[in-house]
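With compact mmCIF, C-alpha atoms (C1' of nucleotides) inside, this is target10.txt:
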# COMPACT_ATOMS: atom_id res chain seq x y z
CA MET A 1 16.64 22.80 43.46
CA ARG A 2 15.00 23.36 46.82
CA LEU A 3 18.27 24.54 48.31
CA LEU A 4 18.89 26.98 45.50
CA ALA A 5 15.32 28.25 45.71
CA GLN A 6 15.75 28.81 49.45
CA GLU A 7 18.98 30.70 48.75
CA LEU A 8 17.00 32.88 46.37
CA ASP A 9 14.16 33.40 48.87
CA THR A 10 11.50 31.79 46.72
CA GLY A 11 9.79 28.46 46.12
CA PRO A 12 11.39 25.71 44.02
CA ALA A 13 8.70 26.08 41.37
CA SER A 14 10.03 29.49 40.41
CA LEU A 15 13.26 28.00 39.11
CA TYR A 16 11.38 26.15 36.41
CA VAL A 17 10.74 29.45 34.71
CA TYR A 18 14.45 29.60 33.89
CA VAL A 19 15.58 25.95 33.57
CA ALA A 20 13.76 22.85 32.36
CA ASN A 21 15.19 20.48 34.97
CA THR A 22 18.11 19.74 37.27
CA ALA A 23 20.32 18.41 34.47
CA GLU A 24 20.03 21.69 32.58
CA LEU A 25 20.81 23.66 35.73
CA HIS A 26 23.87 21.53 36.40
CA ALA A 27 25.08 21.96 32.83
CA ALA A 28 24.77 25.74 33.11
CA VAL A 29 26.60 25.90 36.44
CA LEU A 30 29.28 23.56 35.11
CA ASP A 31 29.98 25.74 32.10
CA GLU A 32 30.23 28.73 34.39
CA LEU A 33 32.79 26.95 36.57
CA LEU A 34 34.67 25.83 33.47
CA GLY A 35 35.61 29.48 33.17
CA GLU A 36 37.80 29.06 36.26
CA VAL A 37 39.95 26.36 34.67
CA ASP A 38 43.53 27.48 34.19
CA LEU A 39 44.35 27.10 30.50
CA GLU A 40 47.96 28.26 30.94
CA PRO A 41 49.09 26.40 34.06
CA ALA A 42 52.19 27.56 35.97
CA GLU A 43 54.69 25.22 34.35
CA GLY A 44 54.45 27.26 31.16
CA GLU A 45 57.94 26.25 30.21
CA GLY A 46 57.25 22.52 30.41
CA ASP A 47 56.74 19.92 27.72
CA TRP A 48 53.41 20.14 25.87
CA ARG A 49 52.47 16.95 27.74
CA ASP A 50 53.07 18.60 31.09
CA ARG A 51 51.05 21.64 30.11
CA LEU A 52 48.24 19.41 28.85
CA ALA A 53 48.30 17.49 32.12
CA GLY A 54 48.30 20.82 33.97
CA VAL A 55 45.12 22.02 32.27
CA LEU A 56 43.39 18.71 33.00
CA THR A 57 44.53 18.79 36.61
CA SER A 58 43.16 22.31 36.95
CA TYR A 59 39.87 21.03 35.49
CA SER A 60 39.69 18.10 37.85
CA ASP A 61 40.65 20.24 40.86
CA MET A 62 37.71 22.49 40.06
CA LEU A 63 35.34 19.51 39.94
CA PHE A 64 36.89 18.12 43.09
CA GLU A 65 35.52 21.11 44.97
CA HIS A 66 32.01 20.43 43.68
CA PRO A 67 31.33 16.72 44.18
CA ALA A 68 27.68 16.75 43.15
CA LEU A 69 28.58 18.57 39.97
CA ALA A 70 31.44 16.18 39.23
CA ARG A 71 28.99 13.30 39.29
CA SER A 72 26.56 14.96 36.94
CA ALA A 73 29.36 16.21 34.64
CA LEU A 74 29.94 12.61 33.67
CA THR A 75 26.51 12.32 32.09
CA ALA A 76 25.57 15.89 31.23
CA ARG A 77 28.08 17.01 28.63
CA PRO A 78 28.14 20.82 28.55
CA ASN A 79 28.18 22.78 25.30
CA GLY A 80 28.68 26.33 26.52
CA GLU A 81 31.23 28.98 25.77
CA HIS A 82 33.74 27.97 28.45
CA TYR A 83 33.52 24.33 27.44
CA LEU A 84 34.45 25.25 23.87
CA ARG A 85 37.38 27.32 25.12
CA LEU A 86 38.67 24.32 27.07
CA LEU A 87 38.19 22.02 24.08
CA GLU A 88 40.06 24.43 21.83
CA ARG A 89 42.96 24.64 24.28
CA LEU A 90 43.25 20.86 24.63
CA LEU A 91 43.20 20.39 20.86
CA ALA A 92 45.81 23.11 20.42
CA LEU A 93 48.15 21.40 22.90
CA LEU A 94 47.70 18.01 21.21
CA ASP A 95 48.39 19.66 17.87
CA GLU A 96 51.49 21.30 19.29
CA GLY A 97 52.66 17.82 20.25
CA GLY A 98 52.18 16.62 16.71
CA VAL A 99 49.36 14.24 17.60
CA PRO A 100 47.43 13.30 14.44
CA ARG A 101 44.18 15.20 14.12
CA THR A 102 41.75 12.29 14.29
CA GLN A 103 43.51 10.89 17.33
CA ALA A 104 43.42 14.29 19.02
CA ALA A 105 39.69 14.61 18.26
CA TRP A 106 38.84 11.32 19.93
CA GLY A 107 41.50 11.79 22.55
CA VAL A 108 40.08 14.94 24.15
CA ASP A 109 36.95 13.01 25.08
CA VAL A 110 38.88 10.33 26.95
CA LEU A 111 41.06 12.90 28.66
CA LEU A 112 38.06 14.86 29.91
CA GLN A 113 36.21 11.69 30.83
CA PHE A 114 39.17 10.49 32.86
CA ALA A 115 39.54 13.78 34.70
CA THR A 116 35.80 13.92 35.36
CA ALA A 117 35.51 10.32 36.53
CA THR A 118 38.51 10.69 38.83
CA ALA A 119 37.05 13.82 40.38
CA ALA A 120 33.64 12.20 40.81
CA GLU A 121 35.22 9.13 42.35
CA GLN A 122 37.52 10.85 44.79
CA SER A 123 35.33 13.74 45.80
CA THR A 124 32.47 11.39 46.62
CA ARG A 125 34.86 9.33 48.69
CA GLY A 126 36.06 12.46 50.43
CA GLN A 127 32.48 13.26 51.35
CA ALA A 128 31.55 9.92 52.87
CA PRO A 129 32.98 9.23 56.33
CA GLU A 130 33.04 5.45 55.72
CA ALA A 131 35.57 5.93 52.90
CA ALA A 132 38.62 5.10 55.03
CA GLU A 133 36.95 2.02 56.42
CA GLU A 134 36.08 0.86 52.90
CA TRP A 135 39.67 1.32 51.78
CA ASP A 136 40.87 -0.65 54.79
CA ALA A 137 38.57 -3.48 53.78
CA LEU A 138 39.98 -3.50 50.25
CA THR A 139 43.54 -3.44 51.61
CA ARG A 140 42.86 -6.46 53.81
CA VAL A 141 41.17 -8.37 50.99
CA ILE A 142 44.00 -7.68 48.54
CA HIS A 143 46.74 -8.59 50.99
CA GLY A 144 44.90 -11.64 52.23
CA VAL A 145 44.15 -13.09 48.80
CA ASP A 146 44.94 -16.75 48.11
CA VAL A 147 48.27 -17.25 46.26
CA LYS A 148 47.09 -20.31 44.36
CA SER A 149 43.88 -18.90 42.92
CA HIS A 150 45.05 -15.29 42.47
CA PRO A 151 48.82 -15.35 41.89
CA HIS A 152 49.00 -11.99 40.11
CA VAL A 153 46.87 -10.12 42.63
CA HIS A 154 48.96 -11.68 45.41
CA THR A 155 52.27 -10.73 43.85
CA LEU A 156 51.19 -7.21 42.96
CA ALA A 157 49.27 -6.50 46.17
CA ALA A 158 51.65 -3.75 47.25
CA SER A 159 51.74 -2.11 43.80
CA LEU A 160 47.96 -2.25 43.44
CA LEU A 161 47.53 -0.14 46.56
CA ALA A 162 50.63 2.03 46.12
CA GLY A 163 50.90 5.67 45.18
CA SER A 164 49.27 8.89 46.28
CA PRO A 165 46.20 10.04 44.35
CA GLU A 166 48.39 12.79 42.84
CA ASP A 167 51.11 10.42 41.64
CA ARG A 168 48.53 8.10 40.15
CA MET A 169 46.73 10.99 38.48
CA THR A 170 49.97 12.24 36.95
CA TRP A 171 50.96 8.80 35.69
CA CYS A 172 47.48 8.08 34.33
CA LEU A 173 47.46 11.35 32.39
CA GLN A 174 50.85 10.58 30.90
CA ALA A 175 49.76 7.07 29.95
CA LEU A 176 46.58 8.45 28.42
CA ILE A 177 48.43 11.09 26.43
CA ASN A 178 51.01 8.56 25.23
CA GLY A 179 48.29 6.14 24.21
CA ILE A 180 46.37 8.80 22.30
CA ALA A 181 49.54 9.97 20.55
CA HIS A 182 50.56 6.46 19.49
CA THR A 183 47.30 4.71 18.61
CA PRO A 184 46.02 5.27 15.06
CA THR A 185 42.28 5.71 14.64
CA PRO A 186 40.57 3.27 12.28
CA THR A 187 40.53 4.40 8.64
CA PRO A 188 36.99 5.32 7.53
CA THR A 189 37.32 3.17 4.41
CA ALA A 190 37.17 -0.55 5.21
CA ALA A 191 40.87 -1.12 4.65
CA PRO A 192 42.69 -4.09 6.17
CA ALA A 193 44.79 -3.60 9.30
CA PRO A 194 46.59 -0.26 8.81
CA THR A 195 50.30 0.10 9.43
CA PRO A 196 50.78 1.28 13.03
CA ASP A 197 51.37 5.03 13.25
CA ALA A 198 50.50 5.35 9.54
CA ASP A 199 48.95 8.78 9.87
CA ARG A 200 51.15 10.32 12.53
CA THR A 201 52.46 13.72 11.51
CA ASP A 202 55.25 13.72 14.06
CA SER A 203 56.90 11.46 16.58
CA MET B 204 15.43 0.16 48.57
CA ARG B 205 11.67 0.64 48.54
CA LEU B 206 11.38 -1.10 45.20
CA LEU B 207 13.41 -4.06 46.37
CA ALA B 208 11.42 -4.25 49.60
CA GLN B 209 8.21 -4.27 47.59
CA GLU B 210 9.59 -7.07 45.43
CA LEU B 211 10.26 -8.97 48.63
CA ASP B 212 6.79 -8.24 50.06
CA THR B 213 8.04 -6.36 53.05
CA GLY B 214 8.77 -2.84 54.25
CA PRO B 215 11.99 -1.04 53.37
CA ALA B 216 13.11 -1.10 57.00
CA SER B 217 13.56 -4.87 56.87
CA LEU B 218 16.43 -4.56 54.39
CA TYR B 219 18.52 -2.72 56.96
CA VAL B 220 18.83 -5.97 58.87
CA TYR B 221 21.03 -7.26 56.04
CA VAL B 222 22.74 -4.17 54.59
CA ALA B 223 23.90 -0.96 56.21
CA ASN B 224 22.85 1.33 53.37
CA THR B 225 22.24 1.64 49.63
CA ALA B 226 25.93 1.81 48.78
CA GLU B 227 26.58 -1.52 50.46
CA LEU B 228 23.62 -3.09 48.66
CA HIS B 229 24.87 -1.79 45.33
CA ALA B 230 28.35 -3.14 46.02
CA ALA B 231 26.95 -6.59 46.79
CA VAL B 232 24.75 -6.67 43.68
CA LEU B 233 27.65 -5.43 41.58
CA ASP B 234 29.96 -8.19 42.72
CA GLU B 235 27.23 -10.71 41.97
CA LEU B 236 26.87 -9.35 38.42
CA LEU B 237 30.66 -9.32 38.02
CA GLY B 238 30.29 -13.09 37.96
CA GLU B 239 28.61 -12.77 34.56
CA VAL B 240 31.61 -11.05 32.95
CA ASP B 241 33.19 -13.18 30.24
CA LEU B 242 36.84 -13.69 31.18
CA GLU B 243 37.60 -15.70 28.02
CA PRO B 244 35.87 -13.73 25.27
CA ALA B 245 35.16 -15.34 21.88
CA GLU B 246 38.27 -14.07 20.09
CA GLY B 247 40.36 -16.50 22.13
CA GLU B 248 42.86 -16.68 19.34
CA GLY B 249 43.42 -12.94 19.19
CA ASP B 250 46.26 -10.79 20.45
CA TRP B 251 46.46 -10.37 24.24
CA ARG B 252 45.34 -6.79 23.65
CA ASP B 253 42.20 -7.94 21.88
CA ARG B 254 41.38 -10.41 24.62
CA LEU B 255 41.95 -7.75 27.26
CA ALA B 256 39.66 -5.40 25.36
CA GLY B 257 37.14 -8.24 25.08
CA VAL B 258 36.99 -8.79 28.83
CA LEU B 259 36.57 -5.06 29.45
CA THR B 260 33.86 -4.83 26.79
CA SER B 261 32.02 -7.71 28.42
CA TYR B 262 32.30 -5.86 31.74
CA SER B 263 30.99 -2.61 30.31
CA ASP B 264 28.16 -4.41 28.45
CA MET B 265 27.04 -5.86 31.77
CA LEU B 266 27.02 -2.42 33.38
CA PHE B 267 25.27 -0.99 30.35
CA GLU B 268 22.25 -3.12 31.18
CA HIS B 269 22.14 -1.76 34.72
CA PRO B 270 22.45 2.04 34.44
CA ALA B 271 21.85 2.83 38.10
CA LEU B 272 24.49 0.32 39.08
CA ALA B 273 26.95 1.67 36.54
CA ARG B 274 26.69 5.08 38.15
CA SER B 275 27.31 3.78 41.64
CA ALA B 276 30.08 1.44 40.47
CA LEU B 277 32.16 4.53 39.81
CA THR B 278 32.23 5.48 43.48
CA ALA B 279 31.63 2.19 45.31
CA ARG B 280 34.61 0.01 44.52
CA PRO B 281 33.66 -3.61 45.13
CA ASN B 282 35.96 -6.03 46.93
CA GLY B 283 34.12 -9.34 46.53
CA GLU B 284 35.10 -12.68 45.09
CA HIS B 285 34.06 -11.93 41.52
CA TYR B 286 35.86 -8.61 41.56
CA LEU B 287 39.08 -10.34 42.55
CA ARG B 288 38.62 -12.90 39.77
CA LEU B 289 38.27 -10.08 37.24
CA LEU B 290 41.30 -8.27 38.64
CA GLU B 291 43.37 -11.45 38.46
CA ARG B 292 42.36 -12.02 34.85
CA LEU B 293 43.22 -8.48 33.80
CA LEU B 294 46.60 -8.66 35.50
CA ALA B 295 47.29 -12.03 33.87
CA LEU B 296 46.56 -10.63 30.41
CA LEU B 297 48.78 -7.60 30.99
CA ASP B 298 51.53 -9.92 32.23
CA GLU B 299 51.10 -12.07 29.13
CA GLY B 300 51.67 -8.93 27.09
CA GLY B 301 54.88 -8.28 28.94
CA VAL B 302 53.64 -5.09 30.57
CA PRO B 303 55.87 -4.22 33.53
CA ARG B 304 54.29 -5.17 36.84
CA THR B 305 53.96 -1.73 38.39
CA GLN B 306 52.41 -0.35 35.22
CA ALA B 307 49.96 -3.27 35.11
CA ALA B 308 49.02 -2.69 38.75
CA TRP B 309 48.14 0.96 38.17
CA GLY B 310 46.79 0.23 34.72
CA VAL B 311 43.95 -2.08 35.76
CA ASP B 312 42.42 0.76 37.74
CA VAL B 313 42.31 3.08 34.74
CA LEU B 314 40.98 0.35 32.49
CA LEU B 315 38.13 -0.47 34.86
CA GLN B 316 37.46 3.20 35.51
CA PHE B 317 37.23 3.88 31.79
CA ALA B 318 34.86 0.96 31.17
CA THR B 319 32.73 1.96 34.15
CA ALA B 320 32.58 5.64 33.26
CA THR B 321 31.70 4.87 29.65
CA ALA B 322 28.89 2.57 30.73
CA ALA B 323 27.58 5.11 33.23
CA GLU B 324 27.73 7.85 30.63
CA GLN B 325 26.05 6.02 27.78
CA SER B 326 23.48 4.04 29.72
CA THR B 327 22.26 7.18 31.44
CA ARG B 328 22.00 8.85 28.06
CA GLY B 329 20.09 5.86 26.74
CA GLN B 330 17.61 6.23 29.59
CA ALA B 331 16.83 9.90 29.13
CA PRO B 332 14.58 10.75 26.18
CA GLU B 333 16.16 14.18 25.73
CA ALA B 334 19.52 12.57 24.92
CA ALA B 335 19.15 12.86 21.14
CA GLU B 336 18.09 16.48 21.43
CA GLU B 337 21.12 17.22 23.60
CA TRP B 338 23.44 15.60 21.09
CA ASP B 339 21.86 17.67 18.30
CA ALA B 340 22.57 20.80 20.30
CA LEU B 341 26.23 19.83 20.71
CA THR B 342 26.48 19.04 16.99
CA ARG B 343 25.11 22.45 16.05
CA VAL B 344 27.41 24.24 18.49
CA ILE B 345 30.51 22.39 17.29
CA HIS B 346 29.74 22.93 13.61
CA GLY B 347 28.73 26.53 14.13
CA VAL B 348 31.82 27.52 16.10
CA ASP B 349 33.75 30.64 15.12
CA VAL B 350 36.86 29.89 13.00
CA LYS B 351 38.87 32.79 14.36
CA SER B 352 38.42 32.08 18.08
CA HIS B 353 38.30 28.26 17.87
CA PRO B 354 40.37 27.19 14.85
CA HIS B 355 41.08 23.64 16.07
CA VAL B 356 37.49 22.89 17.07
CA HIS B 357 36.35 24.27 13.72
CA THR B 358 38.80 22.20 11.69
CA LEU B 359 38.17 19.02 13.66
CA ALA B 360 34.39 19.42 13.96
CA ALA B 361 33.66 16.34 11.87
CA SER B 362 36.25 14.19 13.66
CA LEU B 363 35.07 15.29 17.08
CA LEU B 364 31.60 13.95 16.38
CA ALA B 365 32.66 10.97 14.25
CA GLY B 366 32.57 7.29 15.07
CA SER B 367 30.06 4.88 16.53
CA PRO B 368 30.20 4.29 20.30
CA GLU B 369 31.63 0.84 19.55
CA ASP B 370 34.44 2.14 17.32
CA ARG B 371 35.32 4.78 19.86
CA MET B 372 35.26 2.27 22.70
CA THR B 373 37.56 -0.06 20.80
CA TRP B 374 40.00 2.70 19.92
CA CYS B 375 39.97 4.11 23.46
CA LEU B 376 40.76 0.71 24.93
CA GLN B 377 43.65 0.25 22.53
CA ALA B 378 44.98 3.70 23.31
CA LEU B 379 44.66 3.01 27.03
CA ILE B 380 46.43 -0.34 26.78
CA ASN B 381 49.21 1.14 24.66
CA GLY B 382 49.65 4.00 27.08
CA ILE B 383 49.82 1.69 30.08
CA ALA B 384 52.31 -0.57 28.33
CA HIS B 385 54.61 2.29 27.33
CA THR B 386 54.53 4.67 30.27
CA PRO B 387 56.93 3.89 33.12
CA THR B 388 55.67 4.44 36.66
CA PRO B 389 57.71 6.81 38.82
CA THR B 390 60.53 5.13 40.71
CA PRO B 391 59.81 5.03 44.48
CA THR B 392 63.27 6.40 45.25
CA ALA B 393 63.58 10.08 44.36
CA ALA B 394 65.74 9.48 41.31
CA PRO B 395 66.04 12.05 38.52
CA ALA B 396 64.01 11.62 35.32
CA PRO B 397 64.16 7.89 34.52
CA THR B 398 65.07 6.62 31.06
CA PRO B 399 61.83 6.07 29.12
CA ASP B 400 60.72 2.42 29.14
CA ALA B 401 63.54 1.65 31.60
CA ASP B 402 61.68 -1.16 33.37
CA ARG B 403 59.83 -2.74 30.48
CA THR B 404 60.27 -6.51 30.34
CA ASP B 405 59.15 -6.77 26.73
CA SER B 406 58.38 -4.62 23.73
C1' DA C 407 2.11 37.36 31.19
C1' DC C 408 4.71 36.14 34.83
C1' DC C 409 5.30 33.98 39.16
C1' DT C 410 4.47 30.66 43.10
C1' DG C 411 1.95 27.99 47.22
C1' DA C 412 0.71 23.83 47.81
C1' DA C 413 0.54 19.35 46.53
C1' DC C 414 2.10 15.02 44.20
C1' DA C 415 4.90 11.24 43.90
C1' DC C 416 8.69 9.82 45.13
C1' DC C 417 13.42 8.81 47.95
C1' DG C 418 16.78 6.58 52.04
C1' DT C 419 16.92 5.82 56.81
C1' DT C 420 15.45 5.42 61.76
C1' DC C 421 13.23 3.69 65.73
C1' DA C 422 9.67 2.50 68.78
C1' DA C 423 6.72 -1.01 69.06
C1' DG C 424 5.42 -5.42 68.02
C1' DT C 425 6.13 -10.85 67.63
C1' DA D 426 16.35 -11.63 69.34
C1' DC D 427 14.52 -10.64 65.23
C1' DC D 428 11.56 -8.04 62.34
C1' DT D 429 8.66 -4.03 60.68
C1' DG D 430 4.77 -0.13 60.53
C1' DA D 431 4.89 4.24 60.65
C1' DA D 432 7.16 8.32 60.61
C1' DC D 433 11.02 11.62 59.56
C1' DA D 434 13.41 14.38 56.62
C1' DC D 435 14.26 14.91 52.52
C1' DC D 436 13.99 15.03 46.94
C1' DG D 437 12.39 16.93 41.75
C1' DT D 438 8.50 18.40 39.32
C1' DT D 439 3.72 20.05 38.26
C1' DC D 440 -0.17 22.97 38.08
C1' DA D 441 -3.96 25.57 39.62
C1' DA D 442 -4.42 29.77 41.49
C1' DG D 443 -2.83 34.16 42.35
C1' DT D 444 -0.80 39.05 41.04

Let's see the structure in the file written out as structure tokens.
Amino acid sequence: MRLLAQELDTGPASLYVYVANTAELHAAVLDELLGEVDLEPAEGEGDWRDRLAGVLTSYSDMLFEHPALARSALTARPNGEHYLRLLERLLALLDEGGVPRTQAAWGVDVLLQFATATAAEQSTRGQAPEAAEEWDALTRVIHGVDVKSHPHVHTLAASLLAGSPEDRMTWCLQALINGIAHTPTPTPTAAPAPTPDADRTDS
Amino acid sequence: MRLLAQELDTGPASLYVYVANTAELHAAVLDELLGEVDLEPAEGEGDWRDRLAGVLTSYSDMLFEHPALARSALTARPNGEHYLRLLERLLALLDEGGVPRTQAAWGVDVLLQFATATAAEQSTRGQAPEAAEEWDALTRVIHGVDVKSHPHVHTLAASLLAGSPEDRMTWCLQALINGIAHTPTPTPTAAPAPTPDADRTDS
DNA sequence: ACCTGAACACCGTTCAAGT
DNA sequence: ACCTGAACACCGTTCAAGT
């Protein structure tokens, strides 16, 4: 607030004529930046999954460049014009993939939450200089874990720490999309355990 | 810091003898609270998926009661004793379900990230009094969206807003687990597109 | 009616000075 | 050597007073 006011050559109080608080300001700026998200990413010829992943990557790249905003995007859900455009595009891609409607509706939330959380996580780490040191500490702890008490952690030590952020991001998005596409939402009526994939429209 | 110092009847400066900064303090408190997570949730007779979901729900419930901590847990990854215990338990459950090792190793991160992000999101909303008002605004926007420009959002309006936080949480966890179990990690060697499910040990 | 200087009530962190 | 009072450099938000 104070920084923005300074940029605008005025006192911070003046901003409160236009926004109620910091959360509202963040939401407005976020929606503005949402306009920069690439809804038709380069690999236009790819699978609908790849294009979906591309849109979400573009979204998270945008947040990555604005760490403070990424953090507040997790709590302050926007509802502006550009947000709706993004939502529409994500739903259209899921529909193109034949993902059942109710699963797509709940799925977009997880997809956006994942992209947002990842951006918040990594961009904050990128900011702090002690990030590398912290990662070193985790590496040592994981590799030095006792075999008897933590057999799985010990065995998987290398895998747990493996992969570039990009590779992990790509895999996570695929896993997320697959999970959304293959997990039926509960039926509104209190019916007993529904047949898996009962309401899928496509496979 | 100041609040804690007050609780301890001293000045904030004294805390810096024991911790380097707020992030380190949060990490220490978080690991302590991780000790409260129920690793053998009630439904001990359920599917491995249900037990996995149970552990993660217990984790997110704990964070839900400590909103400030939930927010910092997203960035400050702990590496203490209780964190390792939790990691070990999650890996054991995934192994029990026959999830391939490399997928399990990357999967635990997403699972914990999802639970953390959800807790941070909802507990912050629970704190702020304007949360309900904000949700009302989103509801109006979604229901009032133009059919021509946003056909999918319009059609799915009800579904987008449907479901209790608990139902959504449960479904999301299932989707996540399914996705992790069915999405092969990239092979380290630069091989061409691997056969789907190539390295699954179970189905 | 619209805007804002100055103040209020907070933060985390540092460091010189004490014991 | 260990601890801490006081200060530094910030925040977001409010409101009485100005134009």

Neighbour list for stretch 309-318 of chain B as number ranges by chain, cut-off 10 Å, all atoms listed in the file, skip fewer than 3 positions in-chain: A: 110, 113-114, 117-118, 121, 156, 159-163, 168-169, 171-172, 175-176; B: 255-256, 259-264, 266-267, 273, 276-278, 280, 289-291, 293-294, 297, 302, 304-306, 321-324, 372, 375-376, 379-380, 382-384, 386, 388

Distance query A:Ala68 at most 10 Å, all atoms listed in the file, self and fewer than 6 positions along chain excluded, as JSON, numbers by chain: {"A": [26, 120, 123, 124]}

Contact residues (chain B, partner chain D, 12 Å, only C-alpha atoms (C1' of nucleotides)) as an MDAnalysis selection string: chainID B and resid 208 212:221

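Computed from the coordinates, the atom CA of B:Ile345 to atom CA of A:Arg85 distance equals 11.5 Å.
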
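Between atom CA of A:Gly98 and atom CA of A:Pro184 there is a distance of 13.0 Å.
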
d(atom CA of B:Val344, atom CA of A:Leu84) in Å: 8.9 Å

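Take the candidates B:Gln209, B:Gln330, B:Asn282, B:Thr319 and check each one against chain A using only C-alpha atoms; the shortest distance goes to B:Asn282.
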
Name all residues at most 9 Å from B:Gly238 (count all atoms listed in the file; drop same-chain ones fewer than 2 positions away) and give them as a PDB file with C-alpha atoms, in the coordinates of the input.
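What follows is the written file part19.pdb:
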ATOM      1  CA  LEU B 233      27.650  -5.430  41.580  1.00  0.00           C
ATOM      2  CA  ASP B 234      29.960  -8.190  42.720  1.00  0.00           C
ATOM      3  CA  GLU B 235      27.230 -10.710  41.970  1.00  0.00           C
ATOM      4  CA  LEU B 236      26.870  -9.350  38.420  1.00  0.00           C
ATOM      5  CA  VAL B 240      31.610 -11.050  32.950  1.00  0.00           C
ATOM      6  CA  ASP B 241      33.190 -13.180  30.240  1.00  0.00           C
ATOM      7  CA  GLU B 284      35.100 -12.680  45.090  1.00  0.00           C
ATOM      8  CA  HIS B 285      34.060 -11.930  41.520  1.00  0.00           C
ATOM      9  CA  TYR B 286      35.860  -8.610  41.560  1.00  0.00           C
ATOM     10  CA  ARG B 288      38.620 -12.900  39.770  1.00  0.00           C
ATOM     11  CA  LEU B 289      38.270 -10.080  37.240  1.00  0.00           C
TER      12      LEU B 289
END
